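File shown: entry19.cif (mmCIF, C-alpha atoms and all ligand atoms).
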```cif
data_target
loop_
_atom_site.label_atom_id
_atom_site.label_comp_id
_atom_site.auth_asym_id
_atom_site.auth_seq_id
_atom_site.Cartn_x
_atom_site.Cartn_y
_atom_site.Cartn_z
CA MET A 1 72.25 48.35 96.03
CA GLY A 2 69.40 48.44 98.50
CA ARG A 3 69.96 50.47 101.64
CA HIS A 4 69.82 47.49 103.92
CA GLU A 5 72.07 45.18 101.96
CA ARG A 6 75.60 44.54 103.18
CA PRO A 7 78.01 47.15 101.81
CA ARG A 8 80.28 45.83 99.08
CA GLY A 9 83.84 45.18 100.13
CA LEU A 10 83.19 45.28 103.85
CA ARG A 11 82.87 42.26 106.07
CA ALA A 12 79.39 41.37 107.27
CA THR A 13 78.33 43.73 110.01
CA THR A 14 77.55 42.15 113.32
CA PRO A 15 74.38 42.86 115.31
CA GLY A 16 74.68 46.22 117.02
CA GLU A 17 77.12 47.58 114.45
CA ALA A 18 76.22 50.77 112.62
CA THR A 19 75.50 50.59 108.87
CA ARG A 20 74.30 54.07 107.91
CA VAL A 21 73.63 57.53 109.32
CA ASP A 22 70.14 58.94 109.69
CA ALA A 23 70.29 61.92 112.04
CA ARG A 24 67.04 63.83 112.50
CA GLU A 25 66.51 67.31 113.93
CA LEU A 26 69.43 67.13 116.36
CA LEU A 27 69.47 69.62 119.20
CA VAL A 28 72.60 69.80 121.35
CA ARG A 29 73.23 72.32 124.11
CA TYR A 30 76.31 73.00 126.19
CA GLY A 31 74.75 74.96 129.04
CA ASP A 32 73.31 78.07 127.40
CA VAL A 33 75.12 77.48 124.09
CA VAL A 34 73.00 75.86 121.39
CA ALA A 35 75.65 74.00 119.36
CA LEU A 36 73.21 72.18 117.04
CA ASP A 37 69.74 73.54 116.40
CA GLY A 38 67.67 71.07 114.41
CA VAL A 39 70.38 69.54 112.19
CA SER A 40 69.46 66.57 110.00
CA LEU A 41 71.94 64.43 108.05
CA ASP A 42 71.25 61.26 106.09
CA VAL A 43 74.25 59.32 104.76
CA ALA A 44 73.63 56.10 102.86
CA PRO A 45 76.04 53.16 102.53
CA GLY A 46 78.56 54.09 99.84
CA GLU A 47 78.25 57.85 100.37
CA PHE A 48 81.04 60.25 101.35
CA VAL A 49 79.68 63.47 102.86
CA ALA A 50 81.77 66.49 103.90
CA VAL A 51 80.63 68.87 106.65
CA THR A 52 82.07 72.38 106.43
CA GLY A 53 81.55 75.65 108.28
CA HIS A 54 83.49 78.23 110.23
CA SER A 55 85.14 77.53 113.56
CA GLY A 56 82.43 76.99 116.17
CA ALA A 57 79.75 76.19 113.58
CA GLY A 58 79.02 72.82 115.21
CA LYS A 59 80.95 70.33 113.05
CA THR A 60 82.64 68.44 115.90
CA THR A 61 79.42 68.46 117.88
CA LEU A 62 77.59 66.89 114.94
CA VAL A 63 80.16 64.08 114.64
CA ASN A 64 80.10 63.48 118.39
CA ALA A 65 76.30 63.53 118.50
CA ILE A 66 76.14 60.93 115.73
CA ALA A 67 78.70 58.79 117.58
CA GLY A 68 76.70 59.05 120.79
CA ILE A 69 79.54 60.86 122.57
CA VAL A 70 77.51 63.99 123.38
CA PRO A 71 73.90 63.73 124.55
CA LEU A 72 70.97 64.98 122.49
CA ALA A 73 68.52 67.46 123.99
CA ALA A 74 66.17 66.50 121.17
CA GLY A 75 66.17 64.60 117.87
CA GLN A 76 67.33 61.10 117.09
CA VAL A 77 70.14 59.19 115.45
CA ASP A 78 69.44 55.95 113.61
CA LEU A 79 72.62 54.14 112.58
CA GLY A 80 70.83 51.06 111.31
CA ASP A 81 72.15 49.12 114.29
CA GLY A 82 68.80 48.61 115.96
CA SER A 83 69.85 50.69 118.94
CA SER A 84 68.33 53.85 120.31
CA ALA A 85 70.51 53.83 123.42
CA PRO A 86 72.39 57.07 124.04
CA GLN A 87 75.80 55.37 124.18
CA PRO A 88 78.83 55.23 121.92
CA ARG A 89 77.97 53.03 118.98
CA ALA A 90 80.12 50.61 117.02
CA VAL A 91 81.29 53.26 114.60
CA GLY A 92 84.79 54.20 113.48
CA VAL A 93 85.69 57.65 114.78
CA ILE A 94 88.75 59.67 113.81
CA PRO A 95 88.58 62.42 116.45
CA GLN A 96 89.84 65.97 116.14
CA GLY A 97 93.19 66.22 117.92
CA ASN A 98 93.78 62.50 117.25
CA GLY A 99 92.90 61.14 120.72
CA LEU A 100 95.92 58.84 120.73
CA GLY A 101 97.66 57.61 123.86
CA SER A 102 100.97 59.49 123.73
CA VAL A 103 103.05 56.98 125.71
CA LEU A 104 101.91 54.06 123.57
CA THR A 105 103.35 53.30 120.17
CA ALA A 106 101.36 54.09 117.05
CA TYR A 107 100.94 50.34 116.53
CA GLU A 108 99.61 49.83 120.07
CA ASN A 109 97.11 52.65 119.55
CA VAL A 110 95.76 50.99 116.42
CA LEU A 111 95.84 47.50 117.92
CA ALA A 112 94.02 48.25 121.18
CA PRO A 113 90.52 48.96 119.81
CA LEU A 114 90.78 45.95 117.51
CA ARG A 115 91.50 43.71 120.48
CA ALA A 116 88.72 45.44 122.45
CA ARG A 117 86.30 44.58 119.65
CA GLY A 118 87.21 40.94 119.93
CA HIS A 119 89.67 40.38 117.09
CA ALA A 120 92.13 37.58 117.88
CA PRO A 121 95.77 38.66 118.44
CA ALA A 122 97.09 37.47 115.05
CA GLU A 123 94.16 38.97 113.14
CA ALA A 124 94.39 42.27 115.06
CA HIS A 125 98.12 42.38 114.31
CA GLU A 126 97.48 41.93 110.57
CA MET A 127 94.78 44.60 110.55
CA ALA A 128 96.83 47.13 112.53
CA THR A 129 99.94 46.56 110.39
CA ALA A 130 97.98 46.93 107.15
CA ALA A 131 96.22 50.08 108.37
CA LEU A 132 99.50 51.73 109.40
CA ALA A 133 101.06 50.83 106.05
CA SER A 134 98.07 52.28 104.20
CA VAL A 135 98.67 55.71 105.76
CA GLY A 136 102.43 55.53 105.11
CA LEU A 137 103.46 54.67 108.66
CA GLY A 138 104.70 51.15 108.06
CA GLU A 139 108.15 52.12 109.34
CA SER A 140 106.98 54.28 112.23
CA GLY A 141 104.49 52.00 113.96
CA SER A 142 106.99 51.12 116.70
CA HIS A 143 107.56 54.77 117.63
CA LEU A 144 105.88 56.27 120.66
CA VAL A 145 103.17 58.70 119.61
CA GLU A 146 104.93 61.52 121.47
CA GLU A 147 107.95 60.94 119.20
CA LEU A 148 105.90 61.44 116.02
CA SER A 149 105.23 64.71 114.21
CA GLY A 150 101.75 66.21 114.31
CA GLY A 151 101.06 64.96 110.79
CA GLN A 152 102.30 61.46 111.62
CA GLN A 153 100.09 61.41 114.71
CA GLN A 154 97.13 62.43 112.60
CA ARG A 155 97.82 59.64 110.13
CA ALA A 156 98.07 57.15 113.02
CA ALA A 157 94.64 58.30 114.18
CA VAL A 158 93.29 57.78 110.66
CA ALA A 159 94.82 54.29 110.63
CA ARG A 160 93.10 53.49 113.91
CA GLY A 161 89.72 54.60 112.57
CA LEU A 162 90.15 52.78 109.27
CA ALA A 163 91.44 49.57 110.90
CA LEU A 164 88.12 48.99 112.60
CA ALA A 165 86.59 48.51 109.13
CA THR A 166 83.25 49.70 110.38
CA ALA A 167 80.52 50.51 107.89
CA VAL A 168 80.14 53.99 109.40
CA LEU A 169 83.25 56.17 109.57
CA LEU A 170 83.17 59.60 111.21
CA ALA A 171 86.32 61.65 110.54
CA ASP A 172 86.71 65.02 112.28
CA GLU A 173 89.17 67.18 110.32
CA PRO A 174 91.37 64.17 109.45
CA THR A 175 93.68 66.11 107.11
CA SER A 176 94.17 69.40 109.00
CA GLU A 177 97.83 68.67 109.86
CA LEU A 178 98.88 67.11 106.57
CA ASP A 179 100.97 68.22 103.61
CA HIS A 180 99.50 67.95 100.12
CA ASP A 181 100.62 64.40 99.33
CA ASN A 182 99.54 62.96 102.66
CA ARG A 183 96.25 64.80 102.48
CA GLU A 184 95.58 63.21 99.09
CA ARG A 185 96.58 59.79 100.45
CA ILE A 186 94.12 60.06 103.35
CA LEU A 187 91.33 61.41 101.13
CA ASP A 188 91.92 58.49 98.73
CA LEU A 189 91.51 56.08 101.67
CA LEU A 190 88.27 57.71 102.82
CA ARG A 191 86.96 57.76 99.24
CA ALA A 192 87.87 54.08 98.84
CA ARG A 193 86.15 53.21 102.11
CA ALA A 194 82.95 54.82 100.86
CA ASP A 195 83.32 53.13 97.47
CA ALA A 196 83.56 49.83 99.36
CA GLY A 197 80.13 50.55 100.82
CA ALA A 198 80.68 52.50 104.03
CA ALA A 199 78.85 55.67 105.04
CA VAL A 200 81.63 58.25 105.53
CA VAL A 201 81.26 61.67 107.18
CA MET A 202 84.23 64.05 107.22
CA THR A 203 84.39 67.52 108.73
CA THR A 204 86.85 69.90 107.12
CA HIS A 205 87.85 73.55 106.69
CA ASP A 206 89.57 72.69 103.41
CA PRO A 207 87.52 73.32 100.23
CA GLU A 208 89.76 70.98 98.21
CA ALA A 209 89.17 68.16 100.70
CA ALA A 210 85.43 68.84 100.69
CA ALA A 211 85.44 68.66 96.88
CA ARG A 212 86.39 64.97 97.11
CA ALA A 213 83.07 64.15 98.80
CA ASP A 214 79.81 63.27 97.07
CA ARG A 215 77.96 65.98 98.97
CA VAL A 216 78.90 68.96 101.09
CA ILE A 217 76.81 70.15 104.04
CA GLU A 218 77.58 73.61 105.40
CA LEU A 219 76.85 74.48 109.01
CA ASP A 220 76.65 77.94 110.52
CA ASP A 221 75.89 78.54 114.18
CA GLY A 222 74.44 75.06 114.59
CA VAL A 223 72.17 75.17 111.55
CA VAL A 224 72.51 73.67 108.05
CA VAL A 225 72.85 76.67 105.72
CA GLY A 226 73.92 74.89 102.55
CA SER A 227 73.91 71.53 100.82
CA THR A 228 75.58 70.89 97.47
N1 LIG B 1 82.36 71.27 125.85
C1 LIG B 1 81.82 72.43 125.48
N2 LIG B 1 81.29 73.27 126.40
C2 LIG B 1 80.70 74.43 126.04
N3 LIG B 1 80.60 74.84 124.76
C3 LIG B 1 81.11 74.06 123.81
C4 LIG B 1 81.73 72.80 124.11
N4 LIG B 1 82.14 72.22 122.94
C5 LIG B 1 81.78 73.09 121.97
N5 LIG B 1 81.15 74.17 122.48
C6 LIG B 1 80.58 75.30 121.70
O1 LIG B 1 79.67 74.74 120.78
C7 LIG B 1 79.76 75.40 119.52
C8 LIG B 1 80.12 74.38 118.43
O2 LIG B 1 81.44 73.88 118.68
P1 LIG B 1 82.10 72.76 117.76
O3 LIG B 1 83.37 72.34 118.42
O4 LIG B 1 81.10 71.73 117.43
O5 LIG B 1 82.42 73.61 116.45
P2 LIG B 1 83.32 73.25 115.17
O6 LIG B 1 82.54 73.67 113.96
O7 LIG B 1 83.75 71.84 115.23
O8 LIG B 1 84.58 74.20 115.37
P3 LIG B 1 86.13 74.00 114.89
O9 LIG B 1 86.13 74.14 113.41
O10 LIG B 1 86.83 75.15 115.58
O11 LIG B 1 86.57 72.66 115.38
C9 LIG B 1 80.78 76.52 119.70
O12 LIG B 1 80.07 77.68 120.04
C10 LIG B 1 81.61 76.04 120.88
O13 LIG B 1 82.15 77.13 121.56
#
```

Rewrite the structure of this file - the entire thing - as structure tokens.
Ligand SMILES: Nc1ncnc2c1ncn2[C@@H]1O[C@H](COP(=O)(O)OP(=O)(O)OP(=O)(O)O)[C@@H](O)[C@H]1O
Amino acid sequence: MGRHERPRGLRATTPGEATRVDARELLVRYGDVVALDGVSLDVAPGEFVAVTGHSGAGKTTLVNAIAGIVPLAAGQVDLGDGSSAPQPRAVGVIPQGNGLGSVLTAYENVLAPLRARGHAPAEAHEMATAALASVGLGESGSHLVEELSGGQQQRAAVARGLALATAVLLADEPTSELDHDNRERILDLLRARADAGAAVVMTTHDPEAAARADRVIELDDGVVVGST
């Protein structure tokens, strides 16, 4: 499949929606701390790439820089969406620490971004319900997030990211709170999303999770020190 063709299995992307990741020589600073120092990452449609490295290596910063959530001091991110604006792009993000609204239900958390992206109520309902079922939360969608376990909250966050069905999915340690079976379930979903044509980036501390990816990039102190 050519790089600019529509990914198999995903709906047609709309103008302004990301299709791939081409990050070049990213430099990110937090005050005096250099969190990324010339990091490049190219992820094609259909590829699943894991980013590993010790705590503080720059994994979250890389995901957030690609998403446009943290500003670049230098370098550029091309997501195939025709935009060079330093603003959050139309990508699916599964943030570290889940980022869910705790006094909303899991279902409401998944539904809200779908409605914000213009899906009609009935369609958004179908998508949110299917996404929650896919992560094993079909029965728990009506529970407030604060009533869910840490692992259930993490799966709700994965459902929210997956529901958007974007062709670029950025997942920041999406399995860190999960038991073995749920970890495998979530990794299967990420793998399937890539196999359907999405560009998937996942940060992880877990070597077994990283082994499910097509490629593994290792960061250390804001620099790429390995690629396998
Ligand atoms: N908001 C911030 N302000 C200042 N420094 C920060 C900020 N966020 C991250 N850093 C620093 O930037 C570096 C990279 O942090 P980052 O969170 O990207 O690492 P990480 O590899 O994701 O770590 P972890 O595995 O613990 O999540 C670290 O030195 C961290 O202390």

**OP:** Could you check how far atom CA of A:Glu139 sits from atom CA of A:Leu100, in Å to one decimal?
**Re:**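 The value is 18.0 Å.
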
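Taking only C-alpha atoms into account, A:Val34 lies nearest to A:Asp221 out of the set A:Glu123, A:Thr228, A:Asn98, A:Asp221.
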
Original post:
Residues within 6 Å of ligand LIG 1 (chain B) (all atoms listed in the file), as a PyMOL selection string?
Top reply: chain A and resi 30+35+54-61

Original post:
Looking at A:Ala18, A:Arg160, A:Val43, A:Gly53, which one is nearest to A:Val223, with distances taken over only C-alpha atoms?
Top reply: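 Selected residue with least distance to A:Val223: A:Gly53.
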
Subject >> Gap from atom CA of A:Thr204 to atom CA of A:Glu108 - Å, one decimal >> reply: 27.1 Å

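Between A:Gly141 and the residues A:Ala106, A:Leu187, A:Ala122, A:Val168, the shortest atom-to-atom distance, using all atoms listed in the file, involves A:Ala106.
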
**OP:** Determine, counting all atoms listed in the file, every residue of protein, DNA or RNA that lies within 9 Å of (83.8, 65.6, 99.6) in the file coordinates, then give the result as number ranges by chain.
**Re:** A: 48-51, 187, 191, 201-202, 207-216

Counting only C-alpha atoms, which residues in stretch 80-157 of chain A sit no more than 9 Å from stretch 180-184 of chain A? For each one, give the nearest pair of atoms and the distance in Å, sorted by chain then residue number, as JSON lines.
```
{"residue": "A:Val135", "atom": "CA", "partner": "A:Asn182", "partner_atom": "CA", "distance": 7.9}
{"residue": "A:Gly136", "atom": "CA", "partner": "A:Asn182", "partner_atom": "CA", "distance": 8.3}
{"residue": "A:Gly151", "atom": "CA", "partner": "A:Asn182", "partner_atom": "CA", "distance": 8.5}
{"residue": "A:Arg155", "atom": "CA", "partner": "A:Asn182", "partner_atom": "CA", "distance": 8.4}
```

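Candidate residues A:Glu126, A:Glu173, A:Asp42, A:Asp179 were compared for distance to A:Pro95, and the nearest is A:Glu173, using all atoms listed in the file.
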
Subject >> A:Val224 surroundings by all atoms listed in the file, 9 Å radius, close-in-sequence under 3 positions cut, as a ChimeraX atom specification >> reply: /A:37-40,217-221,227

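We find atom CA of A:Val21 and atom CA of A:Ser134 to be spaced 25.5 Å apart.
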